[in-house]
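Q: One structure is given below, represented as structure tokens, and several questions about it will come after.
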Amino acid sequence: MTAELGTTSAQAGGFRKSLGLPDVIAQSLSVIAPAMSGAFLTYLASTKAGGATPLAYLLGTLAMLCVGATVAHFARSLSSAGSMYTYLTRGANRWIGFLGGWCYAAAFLILGGAVLCGFGFFASTLVTLVSGAEVSWAWFSLVGMVIIALMSLFNVQASTRSQLAILLLSMAALLVVSVVVIVLGSPAVSVLDHKTAVDSAGASIDFGAFWPSAAGVPWTGVLFGLSFAMLSFTGAEASAVLSEETREPRKVIPRAVIGSIVLAGLFYLVITYATAIGFGVRQAAVDWPTSVAGLAAVAPNHVFAGIVLACAALASLFCALGVHMAVSRVLFAMGRERVLPPWLGHLHPRWNTPWRAIGLDIVVWVVLAAGSLLLTSHATQVATAGGVDNATTGGVYVFTLLAGIGAPLVMFVYLLLGIAGTLQGRRTGQVGFQVVAVLAGLVGALAVFGGLYYSFVPSSPGASIPTAVAVVPWVCLLVVVVGLVIATWIRRTRPAAWADMGTVFDEV
């Protein structure tokens with residue numbers, strides 16, 4: 001890419017190039033957070049996919065490889081902290097670029113708050129398991145927020161290296177627990193009520209986990225699970241936000257994106273299969289959706305359950321850090337190009353980090369969590385948390401609500417990415433680029449449909465649609481409409497800023 005086509009990030013006052021492949025992989029895996037997603041997001045997928053959740057994750061892995069390949073193609077020619085925003089603007093047009101960047105930033109702001117509340121839930125549950133004392137999830141989330149703010153503000157490299165070490169340890173520990181659960185096989189009776197007989201008791205191999213009818217769930221349930229399965233991979237593309245801080249980004253970013261998807265996909269297959277076996281594949285349709293703890297609930301004893309919770313808590317904390325780093329850089333890039341308030345587009349003169357965007361992200365997290373709790377009744381929160389009323393209830397509710405809103409928004413951005421990639425591939429004559437981009441757009445559309453389906457259709461005849469599920473499409477629509485209104489305003493009142501969209505990136 002030549003300077004005639006865009007302003008380099010160095011010319012625009014950019015970051016220091018201090019990161020290598022390990023740091024960038026750490027960024028991808030930290031946002032994916034396999035340990036956290038494997039222990040928690042799988043629960044959200046299981047609410048409709050049940051024992052066929054492993055199938056949803058298998059399909060999700062294949063779908064995300066298409067998305068990842070599209071991102072990799074863009075990353076080989078464009079290096080920008082704006083990542084998705086820049087790719088969509090350059091590949092499609094300014095309207096799609098702004099809308100995609102807006103939705104992507106909004107989704108990551110929402111998901112970051114969700115994951116931080118998930119950290120509070122896991123930490124609180126772990127303390128109760130170990131000591132018997134109940135400590136509110138909110139205190140742990142507050143401490144986690146302070147840690148994230150300090151790590152992201154002062155030293156990006158230190159934070160990414162810490163992420164990588166803890167991620168690998170937590171994933172290894174959960175794999176050990178999963179192997180133990182699989183070897184022990186399905187229980188004779190339900191692990192929750194200890195009375196209901198479980199089919200195929202003692203079985204370690206059950207292919208029903210990869211076929212809906214055998215698992216007792218419909219295909220629409222698997223499509224719903226697909227949305228959350230793809231959400232579990234969200235972050236594979238997050239390494240692209242570090243492009244301007246990475247040495248040789250054209251080589252490093254594509255490797256990090258594809259490699260993290262493959263690694264996380266294999267991990268998820270083991271974790272979800274072990275959890276399905278631990279409940280019993282058919283019984284999982286009933287038990288898994290009512291057990292937020294997932295793998296921890298089917299662990300053979302408290303020691304193994306504690307390991308799962310500790311790993312999930314650490315992974316949640318670093319996932320929130322990774323999401324925070326990603327969204328702060330997208331906000332910085334859009335502020336630098338003056339399509340968002342220009343004060344966001346400044347780096348700290350000493351620490352060289354987007355400190356204003358970091359501060360805004362923290363404030364939004366607090367507002368989202370507080371607003372979610374204040375605007376809903378305690379009874380609704382308890383119902384959403386599976387009937388559990390204890391020190392973790394609020395955290396489970398906020399996580400479920402915000403993750404449910406963030407998932408379709410991210411899938412919508414993947415749909416737009418597919419459109420932008422198809423157009424870019426056609427312009428450059430790259431057939432392979434066009435193929436993976438079309439597939440990325442299709443799976444993005446399918447995931448949006450799956451993620452919103454049960455907001456309109458009850459899970460069973462006569463059943464009510466939970467408030468946390470029913471509001472999702474309308475909140476997502478509001479985000480999109482607001483984005484379009486702001487884009488229209490910028491185009492009419494600030495034509496120079498509109499014309500400069502997507503023009504700041506590194507030469508590669």
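FYI, nothing fancy with the structure tokens labels: chains A, B, ... in order, residues from 1 per chain, ligands from 1 as they appear.
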With a cut-off of 12 Å, could you pull out the residues of range 35-101 of chain A touching range 250-272 of chain A and give me the nearest pair of atoms for each, distance in Å to one decimal, using only C-alpha atoms, ordered by chain and ascending number, as CSV?
A:
residue,atom,partner,partner_atom,distance
A:Ala35,CA,A:Phe267,CA,8.8
A:Met36,CA,A:Tyr268,CA,10.6
A:Ser37,CA,A:Tyr268,CA,8.4
A:Gly38,CA,A:Tyr268,CA,6.0
A:Ala39,CA,A:Ile271,CA,7.9
A:Phe40,CA,A:Thr272,CA,10.6
A:Leu41,CA,A:Thr272,CA,10.4
A:Thr42,CA,A:Thr272,CA,7.0
A:Tyr43,CA,A:Thr272,CA,9.5
A:Leu44,CA,A:Thr272,CA,12.0
A:Ala45,CA,A:Thr272,CA,10.1
A:Ser46,CA,A:Thr272,CA,9.4
A:Ala49,CA,A:Thr272,CA,11.2
A:Gly50,CA,A:Thr272,CA,10.3
A:Gly51,CA,A:Thr272,CA,8.7
A:Ala52,CA,A:Thr272,CA,9.0
A:Thr53,CA,A:Thr272,CA,6.5
A:Pro54,CA,A:Thr272,CA,5.2
A:Leu55,CA,A:Leu269,CA,8.4
A:Ala56,CA,A:Leu269,CA,9.5
A:Tyr57,CA,A:Leu269,CA,6.5
A:Leu58,CA,A:Leu269,CA,6.7
A:Leu59,CA,A:Gly265,CA,9.7
A:Gly60,CA,A:Gly265,CA,8.1
A:Thr61,CA,A:Gly265,CA,5.3
A:Leu62,CA,A:Gly265,CA,8.6
A:Ala63,CA,A:Ile261,CA,10.1
A:Met64,CA,A:Ile261,CA,7.0
A:Leu65,CA,A:Ile261,CA,6.7
A:Cys66,CA,A:Ile258,CA,9.5
A:Val67,CA,A:Ile258,CA,9.4
A:Gly68,CA,A:Ile258,CA,5.8
A:Ala69,CA,A:Ile258,CA,6.8
A:Thr70,CA,A:Pro254,CA,9.5
A:Val71,CA,A:Pro254,CA,7.4
A:Ala72,CA,A:Pro254,CA,4.3
A:His73,CA,A:Pro254,CA,7.5
A:Phe74,CA,A:Pro254,CA,8.8
A:Ala75,CA,A:Arg250,CA,6.1
A:Arg76,CA,A:Arg250,CA,4.5
A:Ser77,CA,A:Arg250,CA,6.9
A:Leu78,CA,A:Arg250,CA,8.0
A:Ser79,CA,A:Arg250,CA,7.4
A:Ser80,CA,A:Arg250,CA,11.0
A:Ala81,CA,A:Ile253,CA,11.9
A:Ser83,CA,A:Ile253,CA,10.8
Q: Those same residues - N, CA and C atoms - I'd like them written as a CSV table (one decimal), in the first residue's frame.
A:
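Contents of the output file result-v8.csv:
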chain,number,residue,atom,x,y,z
A,35,ALA,N,-10.8,-20.6,28.0
A,35,ALA,CA,-11.1,-21.2,29.3
A,35,ALA,C,-12.4,-20.6,29.8
A,36,MET,N,-12.6,-19.3,29.7
A,36,MET,CA,-13.8,-18.6,30.1
A,36,MET,C,-15.0,-19.0,29.3
A,37,SER,N,-14.8,-19.0,27.9
A,37,SER,CA,-15.9,-19.3,27.0
A,37,SER,C,-16.3,-20.8,27.2
A,38,GLY,N,-15.3,-21.7,27.3
A,38,GLY,CA,-15.5,-23.1,27.5
A,38,GLY,C,-16.3,-23.4,28.7
A,39,ALA,N,-16.1,-22.6,29.7
A,39,ALA,CA,-16.8,-22.8,31.0
A,39,ALA,C,-18.1,-22.1,31.1
A,40,PHE,N,-18.3,-21.0,30.3
A,40,PHE,CA,-19.4,-20.1,30.6
A,40,PHE,C,-20.3,-19.9,29.3
A,41,LEU,N,-19.6,-19.4,28.2
A,41,LEU,CA,-20.4,-19.2,27.0
A,41,LEU,C,-21.1,-20.4,26.5
A,42,THR,N,-20.4,-21.6,26.7
A,42,THR,CA,-21.0,-22.8,26.3
A,42,THR,C,-22.4,-23.0,27.0
A,43,TYR,N,-22.5,-22.5,28.2
A,43,TYR,CA,-23.8,-22.6,28.9
A,43,TYR,C,-24.9,-21.8,28.1
A,44,LEU,N,-24.6,-20.6,27.6
A,44,LEU,CA,-25.5,-19.9,26.8
A,44,LEU,C,-25.9,-20.6,25.5
A,45,ALA,N,-25.0,-21.3,24.9
A,45,ALA,CA,-25.3,-22.0,23.7
A,45,ALA,C,-26.1,-23.2,24.0
A,46,SER,N,-25.9,-23.8,25.2
A,46,SER,CA,-26.6,-25.0,25.6
A,46,SER,C,-28.1,-24.8,25.9
A,49,ALA,N,-29.2,-25.5,22.4
A,49,ALA,CA,-28.5,-26.6,21.7
A,49,ALA,C,-28.4,-27.9,22.6
A,50,GLY,N,-28.5,-27.7,23.9
A,50,GLY,CA,-28.4,-28.9,24.8
A,50,GLY,C,-27.2,-29.8,24.6
A,51,GLY,N,-27.4,-31.1,24.5
A,51,GLY,CA,-26.3,-32.0,24.3
A,51,GLY,C,-25.7,-31.9,22.9
A,52,ALA,N,-26.3,-31.2,22.0
A,52,ALA,CA,-25.7,-31.0,20.7
A,52,ALA,C,-24.8,-29.8,20.6
A,53,THR,N,-24.5,-29.2,21.7
A,53,THR,CA,-23.6,-28.0,21.8
A,53,THR,C,-22.3,-28.3,21.1
A,54,PRO,N,-21.7,-29.5,21.3
A,54,PRO,CA,-20.4,-29.8,20.5
A,54,PRO,C,-20.6,-29.6,19.0
A,55,LEU,N,-21.7,-30.0,18.5
A,55,LEU,CA,-22.0,-29.8,17.0
A,55,LEU,C,-22.0,-28.3,16.7
A,56,ALA,N,-22.6,-27.5,17.6
A,56,ALA,CA,-22.7,-26.1,17.3
A,56,ALA,C,-21.3,-25.5,17.3
A,57,TYR,N,-20.4,-26.0,18.2
A,57,TYR,CA,-19.0,-25.5,18.2
A,57,TYR,C,-18.2,-26.0,17.1
A,58,LEU,N,-18.5,-27.2,16.6
A,58,LEU,CA,-17.8,-27.7,15.4
A,58,LEU,C,-18.1,-26.8,14.2
A,59,LEU,N,-19.4,-26.5,14.0
A,59,LEU,CA,-19.9,-25.6,12.9
A,59,LEU,C,-19.3,-24.2,13.1
A,60,GLY,N,-19.3,-23.8,14.4
A,60,GLY,CA,-18.8,-22.5,14.7
A,60,GLY,C,-17.3,-22.3,14.3
A,61,THR,N,-16.5,-23.4,14.5
A,61,THR,CA,-15.1,-23.4,14.2
A,61,THR,C,-14.9,-23.2,12.7
A,62,LEU,N,-15.7,-24.0,11.9
A,62,LEU,CA,-15.6,-23.9,10.4
A,62,LEU,C,-16.0,-22.6,9.9
A,63,ALA,N,-17.1,-22.0,10.5
A,63,ALA,CA,-17.6,-20.7,10.1
A,63,ALA,C,-16.5,-19.6,10.4
A,64,MET,N,-15.9,-19.7,11.6
A,64,MET,CA,-14.9,-18.7,12.0
A,64,MET,C,-13.7,-18.8,11.2
A,65,LEU,N,-13.4,-20.0,10.7
A,65,LEU,CA,-12.2,-20.0,9.8
A,65,LEU,C,-12.4,-19.2,8.5
A,66,CYS,N,-13.7,-19.2,8.0
A,66,CYS,CA,-14.0,-18.3,6.9
A,66,CYS,C,-13.8,-16.8,7.2
A,67,VAL,N,-14.4,-16.5,8.4
A,67,VAL,CA,-14.2,-15.1,8.9
A,67,VAL,C,-12.7,-14.7,9.1
A,68,GLY,N,-12.0,-15.7,9.7
A,68,GLY,CA,-10.6,-15.4,10.0
A,68,GLY,C,-9.8,-15.3,8.7
A,69,ALA,N,-10.1,-16.1,7.7
A,69,ALA,CA,-9.4,-16.0,6.4
A,69,ALA,C,-9.6,-14.7,5.7
A,70,THR,N,-10.9,-14.2,5.9
A,70,THR,CA,-11.2,-12.9,5.3
A,70,THR,C,-10.4,-11.8,6.0
A,71,VAL,N,-10.3,-11.8,7.3
A,71,VAL,CA,-9.5,-10.9,8.1
A,71,VAL,C,-8.1,-11.0,7.7
A,72,ALA,N,-7.6,-12.2,7.5
A,72,ALA,CA,-6.2,-12.4,7.2
A,72,ALA,C,-5.8,-11.8,5.8
A,73,HIS,N,-6.7,-11.9,4.8
A,73,HIS,CA,-6.5,-11.3,3.5
A,73,HIS,C,-6.4,-9.8,3.6
A,74,PHE,N,-7.3,-9.2,4.4
A,74,PHE,CA,-7.3,-7.7,4.6
A,74,PHE,C,-6.0,-7.3,5.4
A,75,ALA,N,-5.6,-8.1,6.4
A,75,ALA,CA,-4.4,-7.8,7.2
A,75,ALA,C,-3.1,-7.8,6.4
A,76,ARG,N,-3.1,-8.6,5.3
A,76,ARG,CA,-1.9,-8.6,4.5
A,76,ARG,C,-1.6,-7.3,3.7
A,77,SER,N,-2.7,-6.5,3.6
A,77,SER,CA,-2.5,-5.3,2.8
A,77,SER,C,-2.8,-4.0,3.6
A,78,LEU,N,-3.5,-4.1,4.7
A,78,LEU,CA,-3.9,-2.9,5.5
A,78,LEU,C,-3.5,-3.2,7.0
A,79,SER,N,-2.8,-2.3,7.5
A,79,SER,CA,-2.4,-2.4,8.9
A,79,SER,C,-2.9,-1.2,9.7
A,80,SER,N,-3.9,-1.3,10.5
A,80,SER,CA,-4.5,-0.2,11.2
A,80,SER,C,-5.1,-0.6,12.5
A,81,ALA,N,-5.0,0.3,13.5
A,81,ALA,CA,-5.6,0.0,14.8
A,81,ALA,C,-7.1,0.0,14.7
A,83,SER,N,-8.7,-1.8,12.6
A,83,SER,CA,-9.1,-3.2,12.2
A,83,SER,C,-10.4,-3.3,11.4
Q: For Pro473 in chain A, find every residue with an atom within 8 Å (counting only C-alpha atoms), except residues of its own chain fewer than 2 positions away, and show them as a list in words.
A: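 Contacts, in chain order: Ile405, Leu452, Ser455, Ala470, Val471, Val475, Cys476 and Leu477 of chain A.
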Q: With N, CA, C and O atoms kept, could you save the residues just selected as a JSON list (two decimals), in the first residue's frame?
A:
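Okay, result-v2.json is ready:
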[["chain", "number", "residue", "atom", "x", "y", "z"],
["A", 405, "ILE", "N", -26.93, -9.41, 23.78],
["A", 405, "ILE", "CA", -27.00, -8.23, 22.91],
["A", 405, "ILE", "C", -25.75, -8.12, 22.04],
["A", 405, "ILE", "O", -25.83, -7.82, 20.84],
["A", 452, "LEU", "N", -31.11, -14.37, 17.02],
["A", 452, "LEU", "CA", -32.34, -13.60, 17.27],
["A", 452, "LEU", "C", -33.60, -14.45, 17.23],
["A", 452, "LEU", "O", -34.67, -13.99, 17.62],
["A", 455, "SER", "N", -35.81, -14.79, 20.22],
["A", 455, "SER", "CA", -36.36, -13.54, 20.74],
["A", 455, "SER", "C", -37.78, -13.32, 20.24],
["A", 455, "SER", "O", -38.52, -12.49, 20.77],
["A", 470, "ALA", "N", -36.01, -11.27, 24.92],
["A", 470, "ALA", "CA", -36.97, -10.53, 24.09],
["A", 470, "ALA", "C", -36.45, -9.15, 23.69],
["A", 470, "ALA", "O", -36.78, -8.65, 22.60],
["A", 471, "VAL", "N", -35.66, -8.51, 24.54],
["A", 471, "VAL", "CA", -35.22, -7.14, 24.25],
["A", 471, "VAL", "C", -34.04, -7.08, 23.29],
["A", 471, "VAL", "O", -33.73, -6.01, 22.74],
["A", 475, "VAL", "N", -32.71, -3.72, 21.05],
["A", 475, "VAL", "CA", -31.51, -2.99, 21.45],
["A", 475, "VAL", "C", -30.50, -2.97, 20.30],
["A", 475, "VAL", "O", -29.88, -1.93, 20.00],
["A", 476, "CYS", "N", -30.35, -4.10, 19.63],
["A", 476, "CYS", "CA", -29.43, -4.17, 18.48],
["A", 476, "CYS", "C", -29.88, -3.23, 17.37],
["A", 476, "CYS", "O", -29.05, -2.53, 16.75],
["A", 477, "LEU", "N", -31.18, -3.20, 17.10],
["A", 477, "LEU", "CA", -31.71, -2.30, 16.08],
["A", 477, "LEU", "C", -31.46, -0.85, 16.45],
["A", 477, "LEU", "O", -31.12, -0.03, 15.60]]
Q: Which polymer residues have any atom within 12 Å of an atom of Ile110 in chain A, counting only C-alpha atoms, with same-chain residues fewer than 4 positions away left out, as an MDAnalysis selection string?
A: chainID A and resid 103:106 114:117 320 323:324 327 361:369 372 398:410 475:476 479
Q: Excluding Val217 in chain A and any residue of its chain fewer than 4 positions from it, enumerate the residues within 12 Å of it, using only C-alpha atoms, and give them as JSON, numbers by chain.
A: {"A": [46, 47, 48, 49, 50, 51, 52, 53, 55, 56, 208, 209, 210, 211, 212, 213, 221, 222, 223, 224, 225, 281, 282, 283, 284, 285, 286, 459, 460]}
Q: For the residues in the current selection, export C-alpha atoms as a PDB file, in the first residue's frame.
A:
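Result saved to again_5.pdb:
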ATOM      1  CA  SER A  46     -26.605 -25.034  25.584  1.00  0.00           C
ATOM      2  CA  THR A  47     -29.811 -23.233  26.568  1.00  0.00           C
ATOM      3  CA  LYS A  48     -31.164 -24.259  23.152  1.00  0.00           C
ATOM      4  CA  ALA A  49     -28.530 -26.633  21.718  1.00  0.00           C
ATOM      5  CA  GLY A  50     -28.433 -28.892  24.779  1.00  0.00           C
ATOM      6  CA  GLY A  51     -26.302 -32.000  24.307  1.00  0.00           C
ATOM      7  CA  ALA A  52     -25.663 -31.030  20.665  1.00  0.00           C
ATOM      8  CA  THR A  53     -23.622 -28.026  21.778  1.00  0.00           C
ATOM      9  CA  LEU A  55     -21.977 -29.796  17.038  1.00  0.00           C
ATOM     10  CA  ALA A  56     -22.690 -26.061  17.328  1.00  0.00           C
ATOM     11  CA  GLY A 208     -25.394 -38.097  19.606  1.00  0.00           C
ATOM     12  CA  ALA A 209     -23.512 -34.953  20.643  1.00  0.00           C
ATOM     13  CA  PHE A 210     -23.042 -34.291  16.923  1.00  0.00           C
ATOM     14  CA  TRP A 211     -26.602 -34.922  15.748  1.00  0.00           C
ATOM     15  CA  PRO A 212     -29.556 -32.837  17.026  1.00  0.00           C
ATOM     16  CA  SER A 213     -32.278 -35.502  16.982  1.00  0.00           C
ATOM     17  CA  GLY A 221     -31.463 -24.871  18.689  1.00  0.00           C
ATOM     18  CA  VAL A 222     -28.129 -25.722  17.075  1.00  0.00           C
ATOM     19  CA  LEU A 223     -28.294 -22.514  14.998  1.00  0.00           C
ATOM     20  CA  PHE A 224     -28.923 -20.557  18.191  1.00  0.00           C
ATOM     21  CA  GLY A 225     -25.911 -22.305  19.677  1.00  0.00           C
ATOM     22  CA  VAL A 281     -25.999 -36.185  25.994  1.00  0.00           C
ATOM     23  CA  ARG A 282     -29.816 -36.353  26.073  1.00  0.00           C
ATOM     24  CA  GLN A 283     -30.085 -35.279  29.706  1.00  0.00           C
ATOM     25  CA  ALA A 284     -27.945 -32.225  28.873  1.00  0.00           C
ATOM     26  CA  ALA A 285     -30.949 -30.661  27.108  1.00  0.00           C
ATOM     27  CA  VAL A 286     -32.487 -30.306  30.581  1.00  0.00           C
ATOM     28  CA  SER A 459     -38.478 -22.317  22.995  1.00  0.00           C
ATOM     29  CA  SER A 460     -41.561 -24.519  23.477  1.00  0.00           C
TER      30      SER A 460
END
Q: Using only C-alpha atoms, which residue out of A:Ser28, A:Ser124, A:Thr86, A:Ser200 lies closest to Val330 in chain A?
A: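 Ranking A:Ser28, A:Ser124, A:Thr86, A:Ser200 by distance to Val330 in chain A, first place goes to A:Thr86.
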